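Data file: model_27.tsv. Format and content: TSV, C-alpha atoms and all ligand atoms.
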```tsv
chain	number	residue	atom	x	y	z
S	49	MET	CA	-1.07	93.94	1.79
S	50	LEU	CA	-2.49	96.98	-0.01
S	51	VAL	CA	-0.59	98.23	-3.07
S	52	LEU	CA	-1.16	101.27	-5.28
S	53	GLY	CA	-0.18	100.56	-8.91
S	54	ILE	CA	0.94	103.24	-11.37
S	55	GLU	CA	1.36	102.54	-15.11
S	56	THR	CA	2.56	105.26	-17.52
S	57	SER	CA	4.84	103.41	-19.96
S	58	CYS	CA	3.10	104.42	-23.19
S	59	ASP	CA	-0.22	106.09	-24.01
S	60	GLU	CA	-2.41	104.97	-21.12
S	61	THR	CA	-2.38	106.30	-17.56
S	62	GLY	CA	-3.43	103.37	-15.38
S	63	ILE	CA	-3.93	103.59	-11.63
S	64	ALA	CA	-5.23	100.79	-9.40
S	65	LEU	CA	-5.49	99.60	-5.85
S	66	PHE	CA	-4.87	95.89	-5.35
S	67	ASP	CA	-5.15	94.01	-2.07
S	68	SER	CA	-3.48	90.62	-1.55
S	69	GLY	CA	-6.59	89.26	0.16
S	70	ARG	CA	-9.47	91.09	-1.47
S	71	GLY	CA	-8.09	91.44	-5.01
S	72	LEU	CA	-8.66	94.46	-7.22
S	73	LEU	CA	-10.42	97.16	-5.18
S	74	SER	CA	-10.56	99.97	-7.69
S	75	GLN	CA	-8.93	101.08	-10.93
S	76	ARG	CA	-8.93	104.00	-13.36
S	77	LEU	CA	-7.60	104.23	-16.87
S	78	HIS	CA	-7.13	107.27	-19.04
S	79	SER	CA	-6.41	106.51	-22.68
S	80	GLN	CA	-4.55	109.10	-24.77
S	81	VAL	CA	-5.77	107.57	-28.05
S	82	GLU	CA	-7.83	110.63	-29.02
S	83	MET	CA	-4.90	112.96	-28.37
S	84	HIS	CA	-2.49	110.99	-30.56
S	85	ARG	CA	-4.95	109.97	-33.29
S	86	SER	CA	-4.39	112.93	-35.61
S	87	PHE	CA	-0.64	112.14	-35.57
S	88	GLY	CA	-1.24	108.51	-36.57
S	89	GLY	CA	0.70	107.19	-33.54
S	90	VAL	CA	2.00	108.04	-30.08
S	91	VAL	CA	3.87	111.37	-29.76
S	92	PRO	CA	6.23	110.71	-26.81
S	93	GLU	CA	6.46	114.28	-25.51
S	94	LEU	CA	2.67	114.72	-25.52
S	95	ALA	CA	2.33	111.35	-23.78
S	96	SER	CA	4.68	112.37	-20.94
S	97	ARG	CA	2.94	115.69	-20.38
S	98	ASP	CA	-0.48	114.09	-20.27
S	99	HIS	CA	0.64	111.44	-17.75
S	100	ILE	CA	1.89	114.24	-15.47
S	101	ARG	CA	-1.56	115.86	-15.59
S	102	ARG	CA	-3.50	112.62	-14.99
S	103	VAL	CA	-1.68	110.56	-12.37
S	104	ILE	CA	-2.59	112.48	-9.19
S	105	PRO	CA	-6.30	113.07	-10.02
S	106	LEU	CA	-6.67	109.38	-10.95
S	107	ILE	CA	-5.04	108.31	-7.68
S	108	GLU	CA	-7.55	110.51	-5.83
S	109	GLU	CA	-10.43	108.87	-7.72
S	110	VAL	CA	-9.18	105.36	-6.98
S	111	MET	CA	-8.74	106.12	-3.28
S	112	THR	CA	-12.21	107.66	-3.05
S	113	GLU	CA	-13.91	104.79	-4.87
S	114	SER	CA	-12.19	102.13	-2.76
S	115	GLY	CA	-12.95	103.90	0.51
S	116	CYS	CA	-9.31	103.40	1.52
S	117	SER	CA	-6.95	106.11	2.71
S	118	LEU	CA	-3.33	106.67	1.71
S	119	SER	CA	-2.28	105.80	5.26
S	120	GLU	CA	-3.51	102.23	4.72
S	121	LEU	CA	-1.10	101.61	1.81
S	122	ASP	CA	1.74	99.13	2.30
S	123	ALA	CA	3.61	99.94	-0.91
S	124	ILE	CA	3.52	101.75	-4.25
S	125	ALA	CA	4.28	99.79	-7.44
S	126	VAL	CA	5.27	101.60	-10.61
S	127	THR	CA	6.21	100.53	-14.14
S	128	SER	CA	9.88	101.42	-14.55
S	129	GLY	CA	10.35	99.89	-18.02
S	130	PRO	CA	10.32	99.01	-20.81
S	131	GLY	CA	8.50	101.89	-22.49
S	132	LEU	CA	8.90	105.52	-23.53
S	133	GLY	CA	11.58	107.20	-21.39
S	134	GLY	CA	9.69	110.41	-20.64
S	135	ALA	CA	6.41	108.62	-20.00
S	136	LEU	CA	8.13	106.21	-17.59
S	137	LEU	CA	9.76	109.13	-15.79
S	138	ALA	CA	6.37	110.79	-15.25
S	139	GLY	CA	5.01	107.77	-13.35
S	140	THR	CA	8.20	106.81	-11.51
S	141	SER	CA	8.96	110.33	-10.27
S	142	ILE	CA	5.42	110.78	-8.93
S	143	ALA	CA	5.67	107.34	-7.27
S	144	ALA	CA	9.02	108.26	-5.70
S	145	GLY	CA	7.61	111.57	-4.44
S	146	LEU	CA	4.59	109.85	-2.91
S	147	GLY	CA	6.82	107.19	-1.40
S	148	LEU	CA	8.96	109.84	0.29
S	149	ALA	CA	5.97	111.84	1.50
S	150	LEU	CA	4.11	108.81	2.86
S	151	ASP	CA	7.21	106.90	3.99
S	152	LEU	CA	6.28	103.94	1.78
S	153	PRO	CA	8.45	101.53	-0.21
S	154	VAL	CA	8.27	102.03	-4.00
S	155	LEU	CA	8.68	98.89	-6.09
S	156	PRO	CA	9.81	99.11	-9.72
S	157	VAL	CA	7.81	96.68	-11.90
S	158	HIS	CA	8.65	95.29	-15.34
S	159	HIS	CA	5.79	96.15	-17.69
S	160	LEU	CA	5.87	92.71	-19.35
S	161	GLU	CA	5.83	90.94	-15.99
S	162	GLY	CA	2.66	92.90	-15.28
S	163	HIS	CA	1.11	91.65	-18.53
S	164	LEU	CA	2.27	88.09	-18.19
S	165	LEU	CA	0.97	87.62	-14.65
S	166	SER	CA	-2.33	89.41	-15.38
S	167	PRO	CA	-4.29	86.22	-16.25
S	168	LEU	CA	-3.79	85.25	-12.59
S	169	MET	CA	-6.29	88.02	-11.76
S	170	GLY	CA	-8.99	86.15	-13.70
S	171	ALA	CA	-10.91	82.97	-12.97
S	172	PRO	CA	-10.12	80.15	-13.36
S	173	ARG	CA	-6.58	80.90	-12.25
S	174	PRO	CA	-3.69	79.16	-14.07
S	175	GLN	CA	-1.26	77.07	-12.05
S	176	PHE	CA	2.53	77.26	-12.44
S	177	PRO	CA	4.37	76.24	-14.55
S	178	PHE	CA	2.85	77.67	-17.73
S	179	VAL	CA	3.82	79.04	-21.11
S	180	ALA	CA	3.00	82.71	-21.65
S	181	LEU	CA	2.21	84.19	-25.05
S	182	LEU	CA	2.83	87.91	-24.71
S	183	VAL	CA	1.38	89.82	-27.64
S	184	SER	CA	1.40	93.60	-27.38
S	185	GLY	CA	2.17	96.62	-29.51
S	186	GLY	CA	5.88	96.42	-28.73
S	187	HIS	CA	6.48	92.72	-27.99
S	188	THR	CA	5.66	89.25	-29.26
S	189	GLN	CA	7.24	86.65	-27.02
S	190	LEU	CA	6.78	83.11	-25.78
S	191	MET	CA	8.03	82.57	-22.24
S	192	ALA	CA	8.33	79.54	-19.98
S	193	VAL	CA	7.14	80.63	-16.53
S	194	GLU	CA	8.23	78.34	-13.67
S	195	ARG	CA	6.99	80.60	-10.88
S	196	VAL	CA	6.71	84.31	-10.05
S	197	GLY	CA	10.06	85.87	-10.94
S	198	ASN	CA	11.33	83.01	-13.13
S	199	TYR	CA	10.84	83.70	-16.83
S	200	ARG	CA	12.69	81.98	-19.69
S	201	LEU	CA	12.41	83.38	-23.20
S	202	LEU	CA	11.50	80.62	-25.69
S	203	GLY	CA	11.01	82.74	-28.80
S	204	GLU	CA	10.21	86.25	-29.96
S	205	THR	CA	9.62	88.31	-33.05
S	206	VAL	CA	12.64	89.03	-35.18
S	207	ASP	CA	11.03	92.20	-36.60
S	208	ASP	CA	7.56	93.72	-36.02
S	209	ALA	CA	5.49	92.85	-32.97
S	210	ALA	CA	2.04	91.36	-33.65
S	211	GLY	CA	0.25	94.50	-32.41
S	212	GLU	CA	2.58	96.71	-34.45
S	213	ALA	CA	1.71	94.65	-37.56
S	214	PHE	CA	-2.01	95.06	-36.80
S	215	ASP	CA	-1.50	98.82	-36.44
S	216	LYS	CA	0.53	99.15	-39.66
S	217	VAL	CA	-1.83	97.03	-41.78
S	218	ALA	CA	-4.81	98.92	-40.33
S	219	SER	CA	-3.18	102.14	-41.44
S	220	LEU	CA	-2.66	100.68	-44.96
S	221	LEU	CA	-6.39	99.98	-45.02
S	222	GLY	CA	-7.18	103.55	-43.98
S	223	LEU	CA	-8.28	102.64	-40.43
S	224	PRO	CA	-7.64	104.99	-37.50
S	225	TYR	CA	-4.95	104.47	-34.83
S	226	PRO	CA	-4.77	102.22	-32.84
S	227	GLY	CA	-5.48	99.79	-35.64
S	228	GLY	CA	-5.84	96.45	-33.85
S	229	PRO	CA	-9.43	96.75	-32.61
S	230	ALA	CA	-10.56	98.57	-35.81
S	231	LEU	CA	-8.96	95.97	-38.06
S	232	SER	CA	-10.49	93.03	-36.21
S	233	HIS	CA	-13.89	94.74	-36.35
S	234	LEU	CA	-13.56	95.16	-40.14
S	235	ALA	CA	-12.28	91.58	-40.52
S	236	ALA	CA	-15.52	90.24	-39.03
S	237	SER	CA	-17.33	91.15	-42.27
S	238	GLY	CA	-14.58	89.86	-44.61
S	239	ARG	CA	-13.63	86.54	-46.23
S	240	ALA	CA	-10.31	85.30	-44.87
S	241	ASP	CA	-9.67	82.92	-47.79
S	242	ARG	CA	-9.98	85.38	-50.70
S	243	PHE	CA	-6.28	86.34	-50.66
S	244	ALA	CA	-3.49	83.81	-50.10
S	245	LEU	CA	-1.31	85.59	-47.55
S	246	PRO	CA	1.96	84.16	-46.17
S	247	ARG	CA	2.28	82.62	-42.69
S	248	PRO	CA	5.86	83.72	-41.92
S	249	MET	CA	8.05	81.22	-40.03
S	250	LEU	CA	5.09	78.90	-39.50
S	251	HIS	CA	7.27	75.84	-40.06
S	252	SER	CA	10.60	77.21	-38.83
S	253	ALA	CA	12.47	74.97	-36.38
S	254	ASN	CA	12.49	77.64	-33.65
S	255	LEU	CA	9.81	79.50	-31.69
S	256	ASP	CA	10.51	82.92	-33.22
S	257	PHE	CA	8.04	85.04	-35.18
S	258	SER	CA	8.25	87.45	-38.09
S	259	PHE	CA	5.43	89.73	-39.19
S	260	SER	CA	7.03	92.32	-41.44
S	261	GLY	CA	6.85	90.11	-44.58
S	262	LEU	CA	3.14	89.61	-44.03
S	263	LYS	CA	2.66	93.36	-43.68
S	264	THR	CA	4.63	93.89	-46.92
S	265	ALA	CA	2.47	91.27	-48.69
S	266	VAL	CA	-0.66	93.23	-47.72
S	267	ALA	CA	0.99	96.52	-48.80
S	268	THR	CA	1.86	95.04	-52.21
S	269	LEU	CA	-1.70	93.75	-52.68
S	270	VAL	CA	-3.17	97.10	-51.65
S	271	GLN	CA	-0.95	98.89	-54.19
S	272	ARG	CA	-1.86	96.47	-57.00
S	273	LEU	CA	-5.59	96.48	-56.26
S	274	ARG	CA	-5.63	100.27	-56.02
S	275	ALA	CA	-3.90	100.56	-59.41
S	276	GLU	CA	-6.48	98.16	-60.87
S	277	GLY	CA	-9.33	100.16	-59.31
S	278	GLY	CA	-10.43	97.13	-57.26
S	279	LEU	CA	-9.96	98.44	-53.74
S	280	ASP	CA	-13.61	98.62	-52.69
S	281	SER	CA	-14.96	98.24	-49.14
S	282	ARG	CA	-15.52	94.49	-49.57
S	283	THR	CA	-11.88	94.07	-50.58
S	284	HIS	CA	-10.76	96.07	-47.53
S	285	ALA	CA	-12.71	93.70	-45.29
S	286	ASP	CA	-11.32	90.60	-47.09
S	287	LEU	CA	-7.76	91.88	-46.71
S	288	ALA	CA	-8.35	92.57	-43.02
S	289	ALA	CA	-9.80	89.08	-42.50
S	290	GLY	CA	-6.96	87.44	-44.46
S	291	PHE	CA	-4.31	89.31	-42.49
S	292	GLN	CA	-5.91	88.57	-39.12
S	293	ALA	CA	-6.25	84.85	-39.99
S	294	ALA	CA	-2.56	84.66	-40.98
S	295	VAL	CA	-1.41	86.27	-37.70
S	296	VAL	CA	-3.69	84.05	-35.63
S	297	ASP	CA	-2.51	80.90	-37.49
S	298	VAL	CA	1.12	81.69	-36.69
S	299	LEU	CA	0.47	82.66	-33.04
S	300	ALA	CA	-1.59	79.51	-32.47
S	301	ALA	CA	0.92	77.14	-34.13
S	302	LYS	CA	3.92	78.61	-32.28
S	303	SER	CA	2.06	78.53	-28.96
S	304	ALA	CA	1.29	74.82	-29.45
S	305	ALA	CA	4.95	74.17	-30.34
S	306	ALA	CA	6.12	76.10	-27.26
S	307	LEU	CA	3.82	74.08	-24.99
S	308	ALA	CA	5.23	70.84	-26.43
S	309	HIS	CA	8.79	72.13	-26.10
S	310	ALA	CA	8.32	73.19	-22.46
S	311	ARG	CA	6.21	70.07	-21.67
S	312	CYS	CA	3.47	72.31	-20.32
S	313	THR	CA	-0.30	71.99	-20.54
S	314	ALA	CA	-1.24	75.55	-19.61
S	315	LEU	CA	-1.03	78.53	-21.96
S	316	VAL	CA	-1.48	82.04	-20.61
S	317	VAL	CA	-2.17	84.83	-23.11
S	318	SER	CA	-1.64	88.51	-22.36
S	319	GLY	CA	-0.97	91.90	-23.94
S	320	GLY	CA	-3.21	94.05	-26.12
S	321	VAL	CA	-3.53	91.56	-29.00
S	322	GLY	CA	-4.83	89.08	-26.41
S	323	ALA	CA	-8.11	91.04	-26.65
S	324	ASN	CA	-8.52	89.78	-30.24
S	325	GLN	CA	-11.62	87.60	-30.39
S	326	LEU	CA	-10.41	85.34	-33.22
S	327	LEU	CA	-7.15	84.65	-31.37
S	328	ARG	CA	-9.07	83.88	-28.17
S	329	SER	CA	-11.50	81.47	-29.81
S	330	ARG	CA	-8.80	79.80	-31.93
S	331	LEU	CA	-6.52	79.16	-28.95
S	332	ALA	CA	-9.44	77.93	-26.84
S	333	ASN	CA	-10.47	75.50	-29.62
S	334	ASP	CA	-6.90	74.29	-30.15
S	335	GLY	CA	-6.55	73.76	-26.40
S	336	ALA	CA	-9.75	71.72	-26.26
S	337	THR	CA	-8.68	69.43	-29.13
S	338	ARG	CA	-4.99	69.14	-28.20
S	339	GLY	CA	-5.40	68.83	-24.44
S	340	TYR	CA	-4.11	72.08	-22.98
S	341	SER	CA	-5.84	74.82	-21.02
S	342	VAL	CA	-5.81	78.43	-22.15
S	343	TYR	CA	-6.10	81.41	-19.80
S	344	PHE	CA	-6.72	85.03	-20.68
S	345	PRO	CA	-6.85	88.13	-18.53
S	346	PRO	CA	-10.31	89.70	-18.29
S	347	PRO	CA	-10.60	91.63	-21.66
S	348	ASP	CA	-10.37	95.05	-19.98
S	349	LEU	CA	-7.07	94.03	-18.38
S	350	CYS	CA	-5.47	92.86	-21.68
S	351	THR	CA	-4.26	96.30	-22.69
S	352	ASP	CA	-2.12	98.50	-20.45
S	353	ASN	CA	-3.52	99.15	-16.97
S	354	GLY	CA	-2.45	99.89	-13.39
S	355	ALA	CA	-4.07	96.76	-11.93
S	356	MET	CA	-1.52	94.43	-13.53
S	357	ILE	CA	1.33	96.49	-12.04
S	358	ALA	CA	-0.06	96.48	-8.49
S	359	HIS	CA	-0.95	92.78	-8.88
S	360	ALA	CA	2.57	91.82	-10.10
S	361	ALA	CA	4.05	93.68	-7.11
S	362	VAL	CA	1.75	91.84	-4.68
S	363	LEU	CA	2.84	88.48	-6.17
S	364	ARG	CA	6.49	89.53	-6.09
S	365	ILE	CA	6.26	90.55	-2.42
S	366	GLY	CA	4.45	87.28	-1.62
S	367	ALA	CA	7.24	85.29	-3.28
S	368	GLN	CA	10.04	87.33	-1.69
S	369	PRO	CA	8.89	88.95	1.58
S	370	GLY	CA	12.19	90.82	2.11
S	371	LEU	CA	11.60	92.73	-1.12
S	372	LEU	CA	9.89	95.68	0.57
S	373	ASP	CA	12.87	96.25	2.86
S	374	MET	CA	15.14	96.50	-0.18
S	375	ALA	CA	13.05	99.22	-1.86
S	376	ASN	CA	14.65	102.65	-1.64
S	377	VAL	CA	13.78	106.14	-2.77
S	378	SER	CA	16.19	106.34	-5.69
S	379	PHE	CA	14.60	105.52	-9.02
S	380	ASN	CA	15.59	104.75	-12.54
S	381	VAL	CA	13.75	103.97	-15.75
S	382	ARG	CA	14.78	101.47	-18.40
S	383	PRO	CA	13.19	102.22	-21.76
S	384	ARG	CA	14.75	98.95	-23.01
S	385	TRP	CA	14.69	96.07	-20.52
S	386	ALA	CA	14.77	92.34	-21.22
S	387	LEU	CA	12.67	90.13	-18.95
S	388	GLY	CA	14.62	87.10	-17.73
S	389	PRO	CA	15.27	84.83	-14.74
S	390	GLU	CA	17.57	87.41	-13.14
S	391	THR	CA	15.13	90.34	-13.47
S	392	PRO	CA	15.06	91.97	-9.98
U	401	LIG	O1	-0.38	95.76	-24.41
U	401	LIG	P1	-0.81	97.00	-25.11
U	401	LIG	O2	-1.99	97.76	-24.58
U	401	LIG	O3	0.34	98.05	-25.19
U	401	LIG	C1	1.68	97.69	-25.35
U	401	LIG	O4	2.32	97.38	-24.30
U	401	LIG	O5	2.09	97.65	-26.51
U	401	LIG	O6	-1.07	96.56	-26.64
U	401	LIG	C2	-1.48	97.48	-27.61
U	401	LIG	C3	-1.56	96.75	-28.94
U	401	LIG	C4	-1.80	97.69	-30.12
U	401	LIG	O7	-0.90	97.36	-31.14
U	401	LIG	C5	-3.25	97.37	-30.51
U	401	LIG	O8	-3.52	97.59	-31.88
U	401	LIG	C6	-3.35	95.91	-30.15
U	401	LIG	O9	-2.63	95.80	-28.92
U	401	LIG	N1	-4.73	95.46	-29.97
U	401	LIG	C7	-5.35	94.56	-30.75
U	401	LIG	C8	-6.68	94.44	-30.28
U	401	LIG	N2	-6.83	95.28	-29.22
U	401	LIG	C9	-5.64	95.90	-29.04
U	401	LIG	N3	-4.89	93.84	-31.79
U	401	LIG	C10	-5.74	92.99	-32.39
U	401	LIG	N4	-7.04	92.83	-32.03
U	401	LIG	C11	-7.55	93.53	-30.97
U	401	LIG	N5	-8.83	93.36	-30.61
U	402	ZN	ZN	1.60	96.75	-22.59
```

Since I need it in another form, could you write the structure as structure tokens?
Ligand code: KG4
Ligand code: ZN
Amino acid sequence: MLVLGIETSCDETGIALFDSGRGLLSQRLHSQVEMHRSFGGVVPELASRDHIRRVIPLIEEVMTESGCSLSELDAIAVTSGPGLGGALLAGTSIAAGLGLALDLPVLPVHHLEGHLLSPLMGAPRPQFPFVALLVSGGHTQLMAVERVGNYRLLGETVDDAAGEAFDKVASLLGLPYPGGPALSHLAASGRADRFALPRPMLHSANLDFSFSGLKTAVATLVQRLRAEGGLDSRTHADLAAGFQAAVVDVLAAKSAAALAHARCTALVVSGGVGANQLLRSRLANDGATRGYSVYFPPPDLCTDNGAMIAHAAVLRIGAQPGLLDMANVSFNVRPRWALGPETP
């Protein structure tokens, strides 16, 4: 089963070829970060236009590198939500056109399902059931995953997503967009214990998160320190380290609570913030001392990519073989789309 995956939900054009037997054959990613940087964030219209320019040439590169031809494809998988409406339309309309031209089924894939199944592309491979910690720029969720297609929301952020908080605090510290990687790089040279920052909802009775109060606490400190003339480069690094430690503390504690709640011993971490080294080492250490296993996607597959979309489709088809017969040429995008047990 050979599937072409197309991902255009935000600011990365991801194309990949995934085979059910041989795994990931080839993938290409074009990041729009440089294009959006001067605006301090993603400009949706520019994102859509760039996806339109990139998708076809990247498909050609992937096909050439893999040595496969379009006639060997069994299906096309495309992210149909959630994400930016125009950006989603760019990928889905090209997928639908290709499907019609090549007489291939086109499968709509939920972006978060792509992320949450992506650790199954790594080794060792987690076994079902597991708890998934999904930490991206738009989402922070804990899910109980029984099997492919069965996802139960255990908790989520009530305000900012973890990645969004990283991006906003990075901007407060004068770091370029996207802030997550830059902030964690700066944090490596800082002292996490210099400033006492809050750990929002750490001891709440539920599995929800909140990060906007933490962001406000950093903003207030930045304002005060600036007024006092104490905002030097060392202080920037200490603030970054303190913020990162607070986020990681909360994510680690809630993940442990979710595992206990779901009576699971496997934690799967995915989404862009899953590339954070402190989070990875903290969860791995917690798992070793508390008796659970932690699985991450390969670091290059943490952020948005086409491989996770093709891979999710291959797993979906494997779990429900009639799925390909149900695919039709009409398409729709869902900029807002909750992932749940009934997600088609
Ligand atoms: O999953 P993703 O690529 O896109 C969404 O679906 O949102 O996640 C992007 C987010 C951004 O907020 C980015 O700042 C964050 O992931 N991120 C990181 C790191 N790498 C990416 N956050 C913290 N540490 C990192 N190393
Ligand atoms: Zn994503």

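The protein and nucleic acid residues lying at most 12 Å from Asp98 in chain S are Thr56, Ser57, Cys58, Asp59, Glu60, Thr61, His78, Ser79, Gln80, Val81, Glu82, Met83, His84, Val90, Val91, Pro92, Glu93, Val103, Ile104, Pro105, Gly134, Ala135, Leu136, Ala138 and Gly139 of chain S, with all atoms listed in the file considered and sequence neighbours fewer than 5 positions away removed.
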
Expected selection as a PyMOL selection string for ligand LIG 401 (chain U) within 9 Å, only C-alpha atoms and all ligand atoms: chain S and resi 57-60+130-131+159-160+163+182-187+209-216+218+225-233+292+318-327+349-353

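Pairwise distance (CA of Gly162 in chain S, CA of Ala360 in chain S) equals 5.3 Å.
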
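Counting all atoms listed in the file and comparing S:Gly129, S:Gly69, S:Gly290, S:Gly261, the residue that lies closest to ligand ZN 402 (chain U) is S:Gly129.
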
Could you list, as a ChimeraX atom specification, every residue within 6 Å of range 49-54 of chain S, counting all atoms listed in the file and ignoring same-chain residues fewer than 5 positions away? /S:62-68,121-126,354,357-358

For the selection you just gave me, I'd like the residues written to a file as a short mmCIF file (atom, residue, chain, number, x, y, z; two decimals), in the frame of the given file, keeping C-alpha atoms.
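Ended up saving to part.cif:
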```
data_model
loop_
_atom_site.label_atom_id
_atom_site.label_comp_id
_atom_site.auth_asym_id
_atom_site.auth_seq_id
_atom_site.Cartn_x
_atom_site.Cartn_y
_atom_site.Cartn_z
CA GLY S 62 -3.43 103.37 -15.38
CA ILE S 63 -3.93 103.59 -11.63
CA ALA S 64 -5.23 100.79 -9.40
CA LEU S 65 -5.49 99.60 -5.85
CA PHE S 66 -4.87 95.89 -5.35
CA ASP S 67 -5.15 94.01 -2.07
CA SER S 68 -3.48 90.62 -1.55
CA LEU S 121 -1.10 101.61 1.81
CA ASP S 122 1.74 99.13 2.30
CA ALA S 123 3.61 99.94 -0.91
CA ILE S 124 3.52 101.75 -4.25
CA ALA S 125 4.28 99.79 -7.44
CA VAL S 126 5.27 101.60 -10.61
CA GLY S 354 -2.45 99.89 -13.39
CA ILE S 357 1.33 96.49 -12.04
CA ALA S 358 -0.06 96.48 -8.49
#
```

Just checking: using all atoms listed in the file, which residue out of S:Val179, S:Leu137, S:Leu331, S:Leu287 ends up closest to Ala95 in chain S? S:Leu137

Ligand ZN 402 (chain U) proximity check over S:Asn380, S:Thr127, S:Ser86, S:Ser114, using only C-alpha atoms and all ligand atoms: winner is S:Thr127

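Coordinates place CA of His284 in chain S at a distance of 21.6 Å from CA of Val298 in chain S.
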
Polymer residues at most 12 Å from Leu269 in chain S, only C-alpha atoms, same-chain spacing of 6 or more positions, as an mmCIF file with C-alpha atoms, keeping the file's coordinate frame:
```
data_model
loop_
_atom_site.group_PDB
_atom_site.id
_atom_site.type_symbol
_atom_site.label_atom_id
_atom_site.label_comp_id
_atom_site.auth_asym_id
_atom_site.auth_seq_id
_atom_site.Cartn_x
_atom_site.Cartn_y
_atom_site.Cartn_z
ATOM 1 C CA VAL S 217 -1.830 97.030 -41.780
ATOM 2 C CA LEU S 220 -2.660 100.680 -44.960
ATOM 3 C CA LEU S 221 -6.390 99.980 -45.020
ATOM 4 C CA ARG S 242 -9.980 85.380 -50.700
ATOM 5 C CA PHE S 243 -6.280 86.340 -50.660
ATOM 6 C CA ALA S 244 -3.490 83.810 -50.100
ATOM 7 C CA LEU S 245 -1.310 85.590 -47.550
ATOM 8 C CA LEU S 262 3.140 89.610 -44.030
ATOM 9 C CA LYS S 263 2.660 93.360 -43.680
ATOM 10 C CA ALA S 275 -3.900 100.560 -59.410
ATOM 11 C CA GLU S 276 -6.480 98.160 -60.870
ATOM 12 C CA GLY S 277 -9.330 100.160 -59.310
ATOM 13 C CA GLY S 278 -10.430 97.130 -57.260
ATOM 14 C CA LEU S 279 -9.960 98.440 -53.740
ATOM 15 C CA THR S 283 -11.880 94.070 -50.580
ATOM 16 C CA HIS S 284 -10.760 96.070 -47.530
ATOM 17 C CA ASP S 286 -11.320 90.600 -47.090
ATOM 18 C CA LEU S 287 -7.760 91.880 -46.710
ATOM 19 C CA ALA S 288 -8.350 92.570 -43.020
ATOM 20 C CA GLY S 290 -6.960 87.440 -44.460
ATOM 21 C CA PHE S 291 -4.310 89.310 -42.490
#
```

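Pairwise distance (CA of Val206 in chain S, CA of Ser329 in chain S) equals 25.9 Å.
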
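Nearest residue to Glu194 in chain S among S:Leu273, S:Ala171, S:Ala310, S:Ala336 is S:Ala310, counting all atoms listed in the file.
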
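Distances to Thr205 in chain S were evaluated for S:Arg384, S:Lys302, S:Arg76, S:Arg338 using only C-alpha atoms, and the minimum falls at S:Lys302.
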
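Minimum atom-to-atom distance to ligand ZN 402 (chain U), evaluated using all atoms listed in the file, belongs to S:Leu164 out of S:Val110, S:Leu164, S:Leu73, S:Ala375.
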